[in-house]
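S.K.: Pasting in a structure now, in structure tokens, and then I'll have a few things to ask.
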Amino acid sequence: MGMDSTVRLATDAKEINVAKEKLAAHVSKRRQASPVYIVEVLDTATPRKVLVWGCLSNCRSLTGRSTRFAAVWDPEAEKVRFLKDMWRTDAETTEGESDILRILNDAKVEHVPTLLAGGDLPGRYHQTMTQTFTSPKQPWVLTKPSVLDKWTHHRLLEELIPTSLEDFKTPKGFLQALFDAFLAHKGAYALGFLHRDVSDGNIMIDENGRGVLIDWELAIRVRDNQGATIEHKAGRHDRVVSFPPLPLGPVGVKIHGQGTWKFMSCNLLAHKALQKPHGLPDDQQSFLWIALYYILLSFNPVILGDPLIEDLISEYFEESRYQKNSHYFTGGNAKNLLLSGGSVLSRIAILDNKPLGKWLETVLSLFKAFHLQSLMDKSPDAAVAFGRFTASDLEQHDALEEIFRDSLDAGGWSPIRQPKKGRSDTVRNPVHTGNAPTTKRRSE
């Protein structure tokens, strides 16, 4: 395991057998040949020891956050827990995910993971050093001066063993899970935190069928404890994603802002985050794109012209253009068209679940007001309106929350989930097509 003294092979036969018995349901057959490891998680002064037998997700890249997830056996509590291990940006404007979860848990924010232990791993072997060797004064540095952040090894233990959003049981249960995650987002924002990566992979379902918003590693403070706004430089802490193989091999490409490509806002996909940082409207728009994505795949919508679902998924969620001069991806043309009212999806009917169709129609009206403001390049204080909504409605959670509640309270929900239509594989294993950047964050 290199110089990581917090991970070691388990040697006690009884301990190994118990761990394998308890974790068997969470370890795939191809990973069951893996040995059992003892992993330490920071818990005040005394590290907490858990047993790991194969990861739910492994990193395959030498760059990025190297995120790993695993169901683990906690011998102290005699329960199966959830372990997350990654490298985080260690900058003045960022905080560790475990620190954020402690704050959310202490404030009793609902629908977020319950943290059991976690923190940065101590010692010089758990911090990067590349950032100390980027000075152009060094004779062997051939690249242009760049600002690199220090990265620190971070590990946390959570109570929740998550189930994918894809595994929702009923149509109303799907929207309820989405709303629960939205309420978690609202609760965190009230404490000054912006999530910045609202995606289907970060909305899980608990044992009661309720939604949980996970992965707070990219969250930042947007207000301090006194409520004062914290300004963040646009484009800071850009995310680097891998580009499909080119004749010269794969390269890293920056995205200004944070998020998962399929569900990023029009603003971020168009790189307007260079002028205005990732904000609350961007995160709220992600809830719209998650809902539309699942509506296309799981709710058999009636669409004018009966287009192929595969084509719609590619057009609305995977389309991108590689800008050779800037080495950036841009995208979101179809999303922009939809919010402008000129899309084939502007009139979409969900016959078996009319409250969900009404939710989509109303939320589109809400975002059209904000989009119109963006196109007109007006300030948030300008009185740009679409229907009963104004652009400023997205500067807080109230408008979208009301739409959620109205739809969930309405009658007309089908108790039966319809079989998925078309690109069923794109929900659980998002991939890129053409020149779209990969969205498989679990491998970062």
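By convention in this document, the chains of the structure tokens carry letters A, B, ... by their order, each chain's residues are numbered from 1, and ligands are numbered from 1 in the order they are shown.
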Taking the DSSP assignment computed from this structure's backbone, write out as a ChimeraX atom specification all residues of stretch 44-179 of chain A that belong to strand (DSSP E).
M.R.: /A:48-52,68-74,79-90,115-120,150-158,163-164
S.K.: Filtering to N, CA and C atoms, could you give me those residues as a CSV table (one decimal), in the first residue's frame?
M.R.:
chain,number,residue,atom,x,y,z
A,48,ARG,N,-10.5,5.1,14.1
A,48,ARG,CA,-11.6,4.1,14.1
A,48,ARG,C,-11.2,3.1,13.0
A,49,LYS,N,-11.2,1.8,13.3
A,49,LYS,CA,-10.8,0.7,12.4
A,49,LYS,C,-12.0,0.0,11.8
A,50,VAL,N,-12.0,-0.1,10.5
A,50,VAL,CA,-13.1,-0.8,9.8
A,50,VAL,C,-12.4,-1.8,8.8
A,51,LEU,N,-13.2,-2.8,8.4
A,51,LEU,CA,-12.6,-3.9,7.5
A,51,LEU,C,-13.3,-3.7,6.1
A,52,VAL,N,-12.4,-3.7,5.1
A,52,VAL,CA,-12.8,-3.5,3.7
A,52,VAL,C,-12.6,-4.8,2.9
A,68,ARG,N,-12.7,6.5,-3.9
A,68,ARG,CA,-13.1,5.1,-3.8
A,68,ARG,C,-14.2,5.1,-2.8
A,69,PHE,N,-15.1,4.1,-3.0
A,69,PHE,CA,-16.3,3.9,-2.1
A,69,PHE,C,-16.3,2.4,-1.7
A,70,ALA,N,-16.7,2.1,-0.6
A,70,ALA,CA,-16.8,0.7,-0.1
A,70,ALA,C,-17.8,0.6,1.0
A,71,ALA,N,-18.5,-0.5,1.0
A,71,ALA,CA,-19.3,-1.0,2.1
A,71,ALA,C,-18.2,-1.6,3.0
A,72,VAL,N,-18.2,-1.3,4.3
A,72,VAL,CA,-17.2,-1.8,5.2
A,72,VAL,C,-17.9,-2.4,6.5
A,73,TRP,N,-17.2,-3.3,7.2
A,73,TRP,CA,-17.6,-3.8,8.4
A,73,TRP,C,-17.0,-3.1,9.6
A,74,ASP,N,-17.9,-2.5,10.4
A,74,ASP,CA,-17.4,-1.8,11.6
A,74,ASP,C,-17.5,-2.7,12.8
A,79,LYS,N,-21.8,-3.3,12.7
A,79,LYS,CA,-22.7,-2.9,11.6
A,79,LYS,C,-21.9,-2.6,10.3
A,80,VAL,N,-22.7,-2.8,9.2
A,80,VAL,CA,-22.1,-2.4,7.9
A,80,VAL,C,-22.2,-0.9,7.7
A,81,ARG,N,-21.1,-0.3,7.3
A,81,ARG,CA,-21.1,1.2,7.1
A,81,ARG,C,-20.6,1.5,5.7
A,82,PHE,N,-20.5,2.8,5.4
A,82,PHE,CA,-20.1,3.2,4.1
A,82,PHE,C,-18.9,4.1,4.2
A,83,LEU,N,-17.8,3.7,3.5
A,83,LEU,CA,-16.5,4.4,3.6
A,83,LEU,C,-16.3,5.1,2.3
A,84,LYS,N,-15.8,6.3,2.4
A,84,LYS,CA,-15.4,7.1,1.2
A,84,LYS,C,-13.9,7.6,1.4
A,85,ASP,N,-13.1,7.4,0.4
A,85,ASP,CA,-11.7,7.8,0.4
A,85,ASP,C,-11.4,8.6,-0.8
A,86,MET,N,-10.8,9.8,-0.7
A,86,MET,CA,-10.5,10.6,-1.8
A,86,MET,C,-9.4,11.6,-1.5
A,87,TRP,N,-8.9,12.3,-2.5
A,87,TRP,CA,-8.0,13.4,-2.3
A,87,TRP,C,-8.8,14.7,-2.6
A,88,ARG,N,-8.7,15.7,-1.7
A,88,ARG,CA,-9.5,16.9,-1.9
A,88,ARG,C,-8.5,18.1,-2.0
A,89,THR,N,-9.1,19.1,-2.7
A,89,THR,CA,-8.4,20.4,-2.8
A,89,THR,C,-8.2,21.0,-1.5
A,90,ASP,N,-7.0,21.3,-1.1
A,90,ASP,CA,-6.8,21.8,0.3
A,90,ASP,C,-6.4,23.3,0.1
A,115,LEU,N,-22.6,11.4,9.4
A,115,LEU,CA,-21.2,11.2,9.6
A,115,LEU,C,-20.9,10.5,10.9
A,116,LEU,N,-20.1,9.4,10.8
A,116,LEU,CA,-19.6,8.7,12.0
A,116,LEU,C,-18.2,9.1,12.4
A,117,ALA,N,-17.4,9.3,11.4
A,117,ALA,CA,-16.0,9.6,11.7
A,117,ALA,C,-15.4,10.1,10.4
A,118,GLY,N,-14.3,10.9,10.4
A,118,GLY,CA,-13.7,11.3,9.2
A,118,GLY,C,-12.8,12.5,9.4
A,119,GLY,N,-11.9,12.7,8.4
A,119,GLY,CA,-11.0,13.9,8.4
A,119,GLY,C,-9.9,13.7,7.5
A,120,ASP,N,-9.0,14.7,7.4
A,120,ASP,CA,-7.7,14.6,6.6
A,120,ASP,C,-6.8,13.6,7.3
A,150,LYS,N,-2.7,22.5,-3.3
A,150,LYS,CA,-2.3,21.3,-2.6
A,150,LYS,C,-3.5,20.4,-2.4
A,151,TRP,N,-3.2,19.1,-2.6
A,151,TRP,CA,-4.3,18.1,-2.4
A,151,TRP,C,-4.0,17.3,-1.2
A,152,THR,N,-5.0,17.0,-0.4
A,152,THR,CA,-4.9,16.3,0.9
A,152,THR,C,-5.7,15.0,0.9
A,153,HIS,N,-5.2,13.9,1.4
A,153,HIS,CA,-5.9,12.7,1.5
A,153,HIS,C,-7.0,12.8,2.6
A,154,HIS,N,-8.3,12.5,2.2
A,154,HIS,CA,-9.4,12.7,3.1
A,154,HIS,C,-10.2,11.4,3.1
A,155,ARG,N,-10.6,11.0,4.3
A,155,ARG,CA,-11.4,9.7,4.4
A,155,ARG,C,-12.5,9.9,5.4
A,156,LEU,N,-13.7,9.4,5.1
A,156,LEU,CA,-14.8,9.5,6.1
A,156,LEU,C,-15.7,8.2,6.1
A,157,LEU,N,-16.4,8.1,7.2
A,157,LEU,CA,-17.2,6.9,7.4
A,157,LEU,C,-18.6,7.4,7.7
A,158,GLU,N,-19.6,6.9,6.9
A,158,GLU,CA,-21.0,7.3,7.0
A,158,GLU,C,-21.9,6.1,7.4
A,163,THR,N,-28.7,3.5,-2.0
A,163,THR,CA,-29.3,2.8,-3.1
A,163,THR,C,-29.4,3.9,-4.2
A,164,SER,N,-29.2,3.5,-5.4
A,164,SER,CA,-29.2,4.4,-6.5
A,164,SER,C,-30.6,5.0,-6.7
S.K.: Near A:Ala188, counting only C-alpha atoms, which residues have an atom at most 9 Å away, once you skip same-chain residues fewer than 6 positions from it, shown as an NGL selection string?
M.R.: :A and (103-104 or 109 or 194-195)
S.K.: List the spatial neighbours of stretch 200-214 of chain A as a VMD selection string - criterion: any atom at most 7 Å away, only C-alpha atoms, same-chain residues fewer than 4 positions off excluded.
M.R.: chain A and resid 111 to 113 162 to 165 176 to 178 180 to 181 184 290
S.K.: Grab the residues selected above and save them as a CSV table (one decimal), in the first residue's frame with all heavy atoms.
M.R.:
chain,number,residue,atom,x,y,z
A,111,HIS,N,-32.0,14.7,5.3
A,111,HIS,CA,-31.7,14.1,4.0
A,111,HIS,C,-30.2,14.3,3.5
A,111,HIS,O,-30.0,14.5,2.3
A,111,HIS,CB,-32.7,14.6,2.9
A,111,HIS,CG,-34.1,14.6,3.3
A,111,HIS,ND1,-34.7,13.4,3.6
A,111,HIS,CD2,-35.0,15.5,3.5
A,111,HIS,CE1,-36.0,13.6,3.9
A,111,HIS,NE2,-36.2,14.9,3.9
A,112,VAL,N,-29.3,14.3,4.5
A,112,VAL,CA,-27.9,14.2,4.2
A,112,VAL,C,-27.3,13.0,4.9
A,112,VAL,O,-27.9,12.6,5.9
A,112,VAL,CB,-27.2,15.5,4.6
A,112,VAL,CG1,-27.7,16.7,3.9
A,112,VAL,CG2,-27.2,15.7,6.1
A,113,PRO,N,-26.2,12.5,4.5
A,113,PRO,CA,-25.6,11.4,5.2
A,113,PRO,C,-25.2,11.7,6.7
A,113,PRO,O,-24.9,12.9,7.0
A,113,PRO,CB,-24.3,11.1,4.4
A,113,PRO,CG,-24.5,11.7,3.1
A,113,PRO,CD,-25.4,12.9,3.3
A,162,PRO,N,-26.0,3.5,0.5
A,162,PRO,CA,-26.9,4.1,-0.4
A,162,PRO,C,-27.5,3.2,-1.5
A,162,PRO,O,-26.8,2.2,-1.9
A,162,PRO,CB,-26.1,5.2,-1.0
A,162,PRO,CG,-24.7,4.8,-1.0
A,162,PRO,CD,-24.6,3.9,0.3
A,163,THR,N,-28.7,3.5,-2.0
A,163,THR,CA,-29.3,2.8,-3.1
A,163,THR,C,-29.4,3.9,-4.2
A,163,THR,O,-29.8,5.0,-3.9
A,163,THR,CB,-30.6,2.2,-2.7
A,163,THR,OG1,-30.5,1.3,-1.7
A,163,THR,CG2,-31.3,1.6,-3.9
A,164,SER,N,-29.2,3.5,-5.4
A,164,SER,CA,-29.2,4.4,-6.5
A,164,SER,C,-30.6,5.0,-6.7
A,164,SER,O,-31.6,4.4,-6.5
A,164,SER,CB,-28.8,3.7,-7.8
A,164,SER,OG,-29.0,4.5,-9.0
A,165,LEU,N,-30.6,6.3,-7.2
A,165,LEU,CA,-31.9,6.9,-7.5
A,165,LEU,C,-32.6,6.1,-8.6
A,165,LEU,O,-33.9,6.1,-8.6
A,165,LEU,CB,-31.6,8.4,-8.0
A,165,LEU,CG,-32.8,9.2,-8.5
A,165,LEU,CD1,-33.8,9.4,-7.3
A,165,LEU,CD2,-32.4,10.5,-9.1
A,176,GLN,N,-40.4,12.5,-4.9
A,176,GLN,CA,-40.2,12.7,-3.5
A,176,GLN,C,-38.7,12.6,-3.1
A,176,GLN,O,-38.2,13.4,-2.4
A,176,GLN,CB,-40.9,11.6,-2.6
A,176,GLN,CG,-40.8,11.8,-1.1
A,176,GLN,CD,-41.5,13.0,-0.6
A,176,GLN,OE1,-42.7,13.2,-0.7
A,176,GLN,NE2,-40.7,13.9,0.0
A,177,ALA,N,-38.0,11.6,-3.7
A,177,ALA,CA,-36.5,11.5,-3.5
A,177,ALA,C,-35.8,12.8,-4.0
A,177,ALA,O,-34.9,13.3,-3.4
A,177,ALA,CB,-36.0,10.3,-4.2
A,178,LEU,N,-36.3,13.3,-5.2
A,178,LEU,CA,-35.7,14.5,-5.7
A,178,LEU,C,-35.9,15.7,-4.8
A,178,LEU,O,-35.0,16.5,-4.6
A,178,LEU,CB,-36.2,14.7,-7.1
A,178,LEU,CG,-35.4,15.5,-8.1
A,178,LEU,CD1,-34.1,14.8,-8.4
A,178,LEU,CD2,-36.2,15.7,-9.4
A,180,ASP,N,-36.6,15.6,-1.5
A,180,ASP,CA,-35.8,15.4,-0.3
A,180,ASP,C,-34.4,15.9,-0.5
A,180,ASP,O,-33.8,16.6,0.4
A,180,ASP,CB,-35.7,13.9,0.1
A,180,ASP,CG,-37.1,13.4,0.6
A,180,ASP,OD1,-37.9,14.2,1.0
A,180,ASP,OD2,-37.3,12.2,0.5
A,181,ALA,N,-33.8,15.6,-1.6
A,181,ALA,CA,-32.4,16.1,-1.9
A,181,ALA,C,-32.4,17.6,-2.0
A,181,ALA,O,-31.5,18.3,-1.6
A,181,ALA,CB,-31.9,15.5,-3.2
A,184,ALA,N,-32.5,19.1,1.4
A,184,ALA,CA,-31.1,19.0,1.9
A,184,ALA,C,-30.3,20.2,1.4
A,184,ALA,O,-29.5,20.8,2.1
A,184,ALA,CB,-30.5,17.7,1.6
A,290,ILE,N,-32.0,16.6,-14.0
A,290,ILE,CA,-32.1,15.2,-13.5
A,290,ILE,C,-33.5,14.7,-13.8
A,290,ILE,O,-33.7,13.6,-14.2
A,290,ILE,CB,-31.8,15.2,-12.0
A,290,ILE,CG1,-30.3,15.5,-11.8
A,290,ILE,CG2,-32.1,13.8,-11.5
A,290,ILE,CD1,-30.0,15.8,-10.3
S.K.: Can you tell me, as a PyMOL selection string, what residues are no more than 12 Å from A:Gly54 when counting only C-alpha atoms, ignoring any on the same chain fewer than 3 positions away?
M.R.: chain A and resi 19-20+23-38+51+57-58+68-73+83
S.K.: So which bits of stretch 150-347 of chain A end up helix (DSSP H, G or I) when you DSSP the backbone, as a ChimeraX atom specification?
M.R.: /A:165-167,171-190,200-202,261-263,266-269,272-274,280-298,309-318,333-339,344-346
S.K.: I need the chosen residues saved as a PDB file, in the first residue's frame, with C-alpha atoms.
M.R.:
ATOM      1  CA  LEU A 165     -31.892   6.932  -7.523  1.00  0.00           C
ATOM      2  CA  GLU A 166     -32.533   4.626 -10.456  1.00  0.00           C
ATOM      3  CA  ASP A 167     -34.026   2.115  -8.009  1.00  0.00           C
ATOM      4  CA  PRO A 171     -43.292   7.594  -9.862  1.00  0.00           C
ATOM      5  CA  LYS A 172     -44.267   9.693  -6.850  1.00  0.00           C
ATOM      6  CA  GLY A 173     -41.402   8.124  -4.912  1.00  0.00           C
ATOM      7  CA  PHE A 174     -39.018   9.398  -7.597  1.00  0.00           C
ATOM      8  CA  LEU A 175     -40.167  13.009  -7.260  1.00  0.00           C
ATOM      9  CA  GLN A 176     -40.186  12.659  -3.460  1.00  0.00           C
ATOM     10  CA  ALA A 177     -36.548  11.528  -3.487  1.00  0.00           C
ATOM     11  CA  LEU A 178     -35.662  14.472  -5.728  1.00  0.00           C
ATOM     12  CA  PHE A 179     -37.528  16.834  -3.378  1.00  0.00           C
ATOM     13  CA  ASP A 180     -35.790  15.398  -0.310  1.00  0.00           C
ATOM     14  CA  ALA A 181     -32.427  16.109  -1.922  1.00  0.00           C
ATOM     15  CA  PHE A 182     -33.649  19.603  -2.755  1.00  0.00           C
ATOM     16  CA  LEU A 183     -34.581  20.188   0.900  1.00  0.00           C
ATOM     17  CA  ALA A 184     -31.102  19.011   1.935  1.00  0.00           C
ATOM     18  CA  HIS A 185     -29.660  21.516  -0.523  1.00  0.00           C
ATOM     19  CA  LYS A 186     -31.874  24.254   0.944  1.00  0.00           C
ATOM     20  CA  GLY A 187     -30.868  23.380   4.496  1.00  0.00           C
ATOM     21  CA  ALA A 188     -27.179  23.474   3.645  1.00  0.00           C
ATOM     22  CA  TYR A 189     -27.552  26.740   1.755  1.00  0.00           C
ATOM     23  CA  ALA A 190     -29.200  28.297   4.807  1.00  0.00           C
ATOM     24  CA  ASP A 200     -28.388  11.652 -10.264  1.00  0.00           C
ATOM     25  CA  GLY A 201     -25.316   9.882  -8.909  1.00  0.00           C
ATOM     26  CA  ASN A 202     -25.345  12.148  -5.861  1.00  0.00           C
ATOM     27  CA  TRP A 261     -21.755  17.264 -17.449  1.00  0.00           C
ATOM     28  CA  LYS A 262     -25.212  15.801 -18.076  1.00  0.00           C
ATOM     29  CA  PHE A 263     -26.832  17.914 -15.381  1.00  0.00           C
ATOM     30  CA  CYS A 266     -26.723  26.244 -19.358  1.00  0.00           C
ATOM     31  CA  ASN A 267     -24.612  28.931 -17.715  1.00  0.00           C
ATOM     32  CA  LEU A 268     -21.825  26.511 -16.802  1.00  0.00           C
ATOM     33  CA  LEU A 269     -21.928  24.590 -20.082  1.00  0.00           C
ATOM     34  CA  LYS A 272     -20.298  31.921 -18.501  1.00  0.00           C
ATOM     35  CA  ALA A 273     -18.831  30.928 -15.148  1.00  0.00           C
ATOM     36  CA  LEU A 274     -15.751  32.794 -16.369  1.00  0.00           C
ATOM     37  CA  LEU A 280     -27.529  28.868  -6.499  1.00  0.00           C
ATOM     38  CA  PRO A 281     -29.478  29.103  -9.806  1.00  0.00           C
ATOM     39  CA  ASP A 282     -26.954  26.710 -11.400  1.00  0.00           C
ATOM     40  CA  ASP A 283     -27.512  24.095  -8.692  1.00  0.00           C
ATOM     41  CA  GLN A 284     -31.286  24.496  -8.830  1.00  0.00           C
ATOM     42  CA  GLN A 285     -31.265  24.043 -12.594  1.00  0.00           C
ATOM     43  CA  SER A 286     -29.535  20.693 -12.127  1.00  0.00           C
ATOM     44  CA  PHE A 287     -32.672  19.355 -10.416  1.00  0.00           C
ATOM     45  CA  LEU A 288     -34.597  20.163 -13.602  1.00  0.00           C
ATOM     46  CA  TRP A 289     -32.155  18.262 -15.816  1.00  0.00           C
ATOM     47  CA  ILE A 290     -32.134  15.218 -13.527  1.00  0.00           C
ATOM     48  CA  ALA A 291     -35.939  15.090 -13.634  1.00  0.00           C
ATOM     49  CA  LEU A 292     -36.057  15.475 -17.419  1.00  0.00           C
ATOM     50  CA  TYR A 293     -33.402  12.787 -17.848  1.00  0.00           C
ATOM     51  CA  TYR A 294     -35.416  10.273 -15.851  1.00  0.00           C
ATOM     52  CA  ILE A 295     -38.704  11.338 -17.446  1.00  0.00           C
ATOM     53  CA  LEU A 296     -37.287  10.447 -20.849  1.00  0.00           C
ATOM     54  CA  LEU A 297     -35.928   7.108 -19.670  1.00  0.00           C
ATOM     55  CA  SER A 298     -38.496   5.915 -17.149  1.00  0.00           C
ATOM     56  CA  ILE A 309     -35.065   8.493 -26.720  1.00  0.00           C
ATOM     57  CA  GLU A 310     -31.429   7.664 -27.469  1.00  0.00           C
ATOM     58  CA  ASP A 311     -31.216  10.691 -29.774  1.00  0.00           C
ATOM     59  CA  LEU A 312     -32.781  12.983 -27.167  1.00  0.00           C
ATOM     60  CA  ILE A 313     -30.387  11.801 -24.452  1.00  0.00           C
ATOM     61  CA  SER A 314     -27.432  12.433 -26.726  1.00  0.00           C
ATOM     62  CA  GLU A 315     -28.698  15.827 -27.853  1.00  0.00           C
ATOM     63  CA  TYR A 316     -29.750  17.226 -24.477  1.00  0.00           C
ATOM     64  CA  PHE A 317     -27.299  15.613 -22.085  1.00  0.00           C
ATOM     65  CA  GLU A 318     -24.157  14.568 -23.955  1.00  0.00           C
ATOM     66  CA  ASN A 333     -27.371  24.038 -27.112  1.00  0.00           C
ATOM     67  CA  ALA A 334     -30.457  21.846 -26.785  1.00  0.00           C
ATOM     68  CA  LYS A 335     -30.976  22.907 -23.167  1.00  0.00           C
ATOM     69  CA  ASN A 336     -30.779  26.544 -24.214  1.00  0.00           C
ATOM     70  CA  LEU A 337     -33.325  25.918 -26.960  1.00  0.00           C
ATOM     71  CA  LEU A 338     -35.701  24.258 -24.486  1.00  0.00           C
ATOM     72  CA  LEU A 339     -35.502  27.169 -22.063  1.00  0.00           C
ATOM     73  CA  VAL A 344     -39.576  19.554 -29.265  1.00  0.00           C
ATOM     74  CA  LEU A 345     -39.627  18.918 -25.501  1.00  0.00           C
ATOM     75  CA  SER A 346     -41.444  22.187 -24.822  1.00  0.00           C
TER      76      SER A 346
END
S.K.: If we count only C-alpha atoms and set the cut-off at 8 Å, which residues sit around A:Asp197, ignoring sequence neighbours fewer than 3 positions away in its own chain? Please answer as an mmCIF file with N, CA and C atoms, in the first residue's frame.
M.R.:
data_model
loop_
_atom_site.group_PDB
_atom_site.id
_atom_site.type_symbol
_atom_site.label_atom_id
_atom_site.label_comp_id
_atom_site.auth_asym_id
_atom_site.auth_seq_id
_atom_site.Cartn_x
_atom_site.Cartn_y
_atom_site.Cartn_z
ATOM 1 N N ASN A 202 -25.501 11.600 -7.207
ATOM 2 C CA ASN A 202 -25.345 12.148 -5.861
ATOM 3 C C ASN A 202 -26.665 12.258 -5.107
ATOM 4 N N ASP A 215 -22.164 13.329 -1.372
ATOM 5 C CA ASP A 215 -20.986 13.898 -2.044
ATOM 6 C C ASP A 215 -20.909 15.416 -1.885
ATOM 7 N N LEU A 218 -17.324 18.874 -3.075
ATOM 8 C CA LEU A 218 -17.111 20.055 -3.908
ATOM 9 C C LEU A 218 -17.831 21.284 -3.361
ATOM 10 N N ALA A 219 -18.535 21.128 -2.246
ATOM 11 C CA ALA A 219 -19.287 22.246 -1.674
ATOM 12 C C ALA A 219 -18.346 23.336 -1.168
ATOM 13 N N GLN A 258 -18.206 23.616 -11.357
ATOM 14 C CA GLN A 258 -18.214 22.237 -10.904
ATOM 15 C C GLN A 258 -19.500 21.572 -11.334
ATOM 16 N N GLY A 259 -19.493 20.241 -11.328
ATOM 17 C CA GLY A 259 -20.723 19.542 -11.637
ATOM 18 C C GLY A 259 -20.481 18.299 -12.468
ATOM 19 N N THR A 260 -21.573 17.672 -12.864
ATOM 20 C CA THR A 260 -21.561 16.504 -13.726
ATOM 21 C C THR A 260 -22.158 16.927 -15.059
ATOM 22 N N ASP A 283 -27.184 25.325 -9.414
ATOM 23 C CA ASP A 283 -27.512 24.095 -8.692
ATOM 24 C C ASP A 283 -28.991 23.749 -8.829
#
S.K.: As a VMD selection string, please: the residues near A:Gly411 (cut-off 8 Å, only C-alpha atoms, same-chain neighbours under 2 positions excluded).
M.R.: chain A and resid 355 409 413
S.K.: Let me see the file: selected residues, N, CA and C atoms, as a compact mmCIF listing (two decimals), in the first residue's frame.
M.R.:
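Saved file selection22.txt follows:
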# COMPACT_ATOMS: atom_id res chain seq x y z
N PRO A 355 -49.26 14.75 -12.49
CA PRO A 355 -48.59 15.70 -11.58
C PRO A 355 -47.11 15.91 -11.92
N ASP A 409 -48.55 16.87 -3.65
CA ASP A 409 -49.86 16.87 -2.99
C ASP A 409 -51.00 16.56 -3.95
N TRP A 413 -51.33 10.29 -9.50
CA TRP A 413 -50.08 9.55 -9.62
C TRP A 413 -50.36 8.06 -9.88
S.K.: Hey, can you check how far atom CA of A:Ala228 sits from atom CA of A:Pro277?
M.R.: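 Interatomic distance, atom CA of A:Ala228 to atom CA of A:Pro277: 16.7 Å.
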